[in-house]
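This report concerns only the one structure given below.
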Amino acid sequence: MTTLYDAPAEDLIEALTEKLEDEDDIEAPEWVAVAKTGVDRELPPEQEDFWARRAASLLRKVAVDGPVGVNSLRSEYGTSKQGTTRYRVRPHQKSKGSGNIIRTALQQLEDAGYVETSENDGRRVTGDGQALLDDTAGEVIQDLDRPELERYA
């Protein structure tokens with residue numbers, strides 16, 4: 001049986017994005033068009049499917065690292081900032097990602113039944129979420145034409 005660890009992360013997130021766009025519970029809020037993804041950013045994201053892509057990435061990240069909290073996910077989605085993007089005048093410093101984007105996407109994943117809040121630990125993936133990830137990984141492995149991944153199909 002194929003698991004989420006067998007499929008390449010980039011291809012798995014791409015396939016999950018397509019599935020989560022069809023979900024009624026996963027919907028981008030109005031404010032996401034003007035929100036930055038971190039304090040070190042100057043502009044909001046330009047991708048059309050940003051919200052579904054971030055939700056898919058969060059679902060995979062919670063499944064791999066869970067139970068995990070919003071603060072540690074902020075560190076994962078942060079970058080190293082060097083001042084403005086135009087001049088790069090400061091030394092490297094770690095900057096955290098937007099907590100509101102992560103928190104809201106996790107709440108929507110909870111409403112969809114893919115993630116649950118565990119007592120004093122953070123969030124972890126549910127059985128339905130694990131099944132969605134594993135089924136999608138199986139589809140990704142079958143669609144890829146890579147001979148080194150054939151043993152997982």
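Labels used: A, B, ... for chains in the order of the structure tokens, numbers from 1 for residues in each chain, and numbers from 1 for ligands as shown.
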Could you make a table, as a tab-separated table, of the residues of stretch 1-51 of chain A that have an atom within 8 Å of an atom of stretch 128-144 of chain A, each with its nearest atom pair and distance in Å to one decimal, counting only C-alpha atoms, in chain and number order?
residue	atom	partner	partner_atom	distance
A:Met1	CA	A:Gly138	CA	7.8
A:Thr2	CA	A:Gly138	CA	5.3
A:Thr3	CA	A:Asp134	CA	4.6
A:Leu4	CA	A:Asp134	CA	5.2
A:Asp6	CA	A:Ala137	CA	7.2
A:Ala7	CA	A:Ala137	CA	5.5
A:Asp11	CA	A:Val140	CA	6.8
A:Leu12	CA	A:Ala137	CA	6.0
A:Ala15	CA	A:Thr136	CA	6.8
A:Leu16	CA	A:Thr136	CA	6.8
Inset, instruction - Could you give me the residues within stretch 3-85 of chain A that DSSP places in helix (DSSP H, G or I), as JSON, numbers by chain? - result: {"A": [9, 10, 11, 12, 13, 14, 15, 16, 17, 18, 19, 20, 21, 30, 31, 32, 33, 50, 51, 52, 53, 54, 55, 56, 57, 58, 59, 60, 61, 62, 63, 64, 65, 70, 71, 72, 73, 74, 75, 76]}
Using the selection just defined, write its residues with N, CA and C atoms as a CSV table (one decimal), in the first residue's frame.
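Result written to selection28.csv:
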chain,number,residue,atom,x,y,z
A,9,ALA,N,6.9,15.0,-2.4
A,9,ALA,CA,6.1,16.0,-1.7
A,9,ALA,C,5.5,17.0,-2.7
A,10,GLU,N,6.2,17.5,-3.6
A,10,GLU,CA,5.7,18.5,-4.5
A,10,GLU,C,4.5,18.0,-5.4
A,11,ASP,N,4.6,16.7,-5.9
A,11,ASP,CA,3.6,16.2,-6.7
A,11,ASP,C,2.4,15.8,-5.8
A,12,LEU,N,2.6,15.4,-4.6
A,12,LEU,CA,1.5,15.1,-3.7
A,12,LEU,C,0.7,16.4,-3.3
A,13,ILE,N,1.4,17.4,-3.0
A,13,ILE,CA,0.8,18.7,-2.7
A,13,ILE,C,0.0,19.2,-3.9
A,14,GLU,N,0.5,19.1,-5.1
A,14,GLU,CA,-0.2,19.5,-6.3
A,14,GLU,C,-1.5,18.7,-6.4
A,15,ALA,N,-1.5,17.4,-6.2
A,15,ALA,CA,-2.7,16.6,-6.4
A,15,ALA,C,-3.7,16.9,-5.2
A,16,LEU,N,-3.2,17.1,-4.0
A,16,LEU,CA,-4.1,17.5,-2.9
A,16,LEU,C,-4.7,18.8,-3.1
A,17,THR,N,-4.0,19.8,-3.8
A,17,THR,CA,-4.6,21.1,-4.0
A,17,THR,C,-5.8,20.9,-4.9
A,18,GLU,N,-5.7,20.1,-5.9
A,18,GLU,CA,-6.9,19.9,-6.8
A,18,GLU,C,-8.1,19.3,-6.1
A,19,LYS,N,-7.8,18.4,-5.1
A,19,LYS,CA,-8.9,17.8,-4.4
A,19,LYS,C,-9.5,18.7,-3.4
A,20,LEU,N,-8.6,19.5,-2.7
A,20,LEU,CA,-9.2,20.5,-1.7
A,20,LEU,C,-9.9,21.6,-2.3
A,21,GLU,N,-9.6,22.0,-3.6
A,21,GLU,CA,-10.4,23.0,-4.3
A,21,GLU,C,-11.9,22.6,-4.4
A,30,GLU,N,-12.0,36.4,2.5
A,30,GLU,CA,-11.9,37.6,1.7
A,30,GLU,C,-10.6,38.3,1.9
A,31,TRP,N,-10.1,38.3,3.1
A,31,TRP,CA,-8.9,39.1,3.5
A,31,TRP,C,-7.6,38.5,2.9
A,32,VAL,N,-7.7,37.3,2.4
A,32,VAL,CA,-6.4,36.6,1.9
A,32,VAL,C,-5.9,37.4,0.7
A,33,ALA,N,-6.7,38.1,0.0
A,33,ALA,CA,-6.2,38.8,-1.2
A,33,ALA,C,-5.3,40.0,-0.9
A,50,PHE,N,-3.7,29.8,-4.1
A,50,PHE,CA,-2.8,29.9,-2.9
A,50,PHE,C,-3.4,29.2,-1.7
A,51,TRP,N,-4.7,29.5,-1.5
A,51,TRP,CA,-5.3,29.0,-0.2
A,51,TRP,C,-5.4,27.5,-0.2
A,52,ALA,N,-5.8,26.9,-1.3
A,52,ALA,CA,-5.9,25.4,-1.4
A,52,ALA,C,-4.5,24.8,-1.3
A,53,ARG,N,-3.6,25.4,-2.0
A,53,ARG,CA,-2.2,24.9,-1.9
A,53,ARG,C,-1.6,25.0,-0.5
A,54,ARG,N,-1.8,26.1,0.2
A,54,ARG,CA,-1.3,26.2,1.6
A,54,ARG,C,-2.0,25.2,2.5
A,55,ALA,N,-3.3,25.0,2.3
A,55,ALA,CA,-4.1,24.0,3.1
A,55,ALA,C,-3.6,22.6,2.8
A,56,ALA,N,-3.3,22.2,1.5
A,56,ALA,CA,-2.7,20.9,1.2
A,56,ALA,C,-1.4,20.7,1.8
A,57,SER,N,-0.5,21.8,1.8
A,57,SER,CA,0.8,21.7,2.4
A,57,SER,C,0.7,21.5,3.9
A,58,LEU,N,-0.2,22.3,4.5
A,58,LEU,CA,-0.4,22.1,5.9
A,58,LEU,C,-0.9,20.7,6.3
A,59,LEU,N,-1.8,20.2,5.5
A,59,LEU,CA,-2.3,18.8,5.8
A,59,LEU,C,-1.1,17.8,5.8
A,60,ARG,N,-0.3,17.9,4.8
A,60,ARG,CA,0.9,17.0,4.7
A,60,ARG,C,1.8,17.2,5.8
A,61,LYS,N,2.1,18.5,6.2
A,61,LYS,CA,3.0,18.8,7.2
A,61,LYS,C,2.5,18.3,8.6
A,62,VAL,N,1.2,18.5,8.9
A,62,VAL,CA,0.7,18.0,10.1
A,62,VAL,C,0.8,16.4,10.1
A,63,ALA,N,0.5,15.8,9.0
A,63,ALA,CA,0.6,14.3,9.0
A,63,ALA,C,2.0,13.8,9.2
A,64,VAL,N,3.0,14.5,8.7
A,64,VAL,CA,4.4,14.1,8.8
A,64,VAL,C,4.9,14.4,10.2
A,65,ASP,N,4.7,15.6,10.7
A,65,ASP,CA,5.3,16.1,11.9
A,65,ASP,C,4.4,16.0,13.1
A,70,VAL,N,0.6,25.8,16.0
A,70,VAL,CA,0.7,26.8,15.0
A,70,VAL,C,2.0,27.5,15.1
A,71,ASN,N,2.6,27.7,16.3
A,71,ASN,CA,3.9,28.4,16.4
A,71,ASN,C,5.0,27.7,15.7
A,72,SER,N,5.1,26.3,15.8
A,72,SER,CA,6.1,25.6,15.1
A,72,SER,C,5.8,25.6,13.5
A,73,LEU,N,4.6,25.6,13.1
A,73,LEU,CA,4.3,25.7,11.7
A,73,LEU,C,4.6,27.1,11.2
A,74,ARG,N,4.5,28.1,12.0
A,74,ARG,CA,5.0,29.5,11.6
A,74,ARG,C,6.4,29.5,11.3
A,75,SER,N,7.2,28.8,12.1
A,75,SER,CA,8.6,28.7,11.9
A,75,SER,C,8.9,27.9,10.6
A,76,GLU,N,8.2,26.9,10.3
A,76,GLU,CA,8.4,26.1,9.1
A,76,GLU,C,8.1,26.9,7.8
Inset, instruction - Rank nothing, just name the residue among A:Ser118, A:Lys94, A:Thr37, A:Asp145 nearest to A:Gly66, using only C-alpha atoms. - result: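 Of A:Ser118, A:Lys94, A:Thr37, A:Asp145, the one nearest A:Gly66, counting only C-alpha atoms, is A:Ser118.
Pairwise distance (atom CA of A:Gly78, atom CA of A:Ser95) equals 5.3 Å.
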Legend entry - Those in chain A with strand (DSSP E or B) from DSSP, as an MDAnalysis selection string: chainID A and resid 38 68 79:81 93:95 97 115:118 122:125
Inset, instruction - Please measure the separation of atom CA of A:Arg123 and atom CA of A:Gln93, giving the value in Å to one decimal. - result: 27.5 Å
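In this model, the gap between atom CA of A:Arg124 and atom CA of A:Gly69 comes to 9.1 Å.
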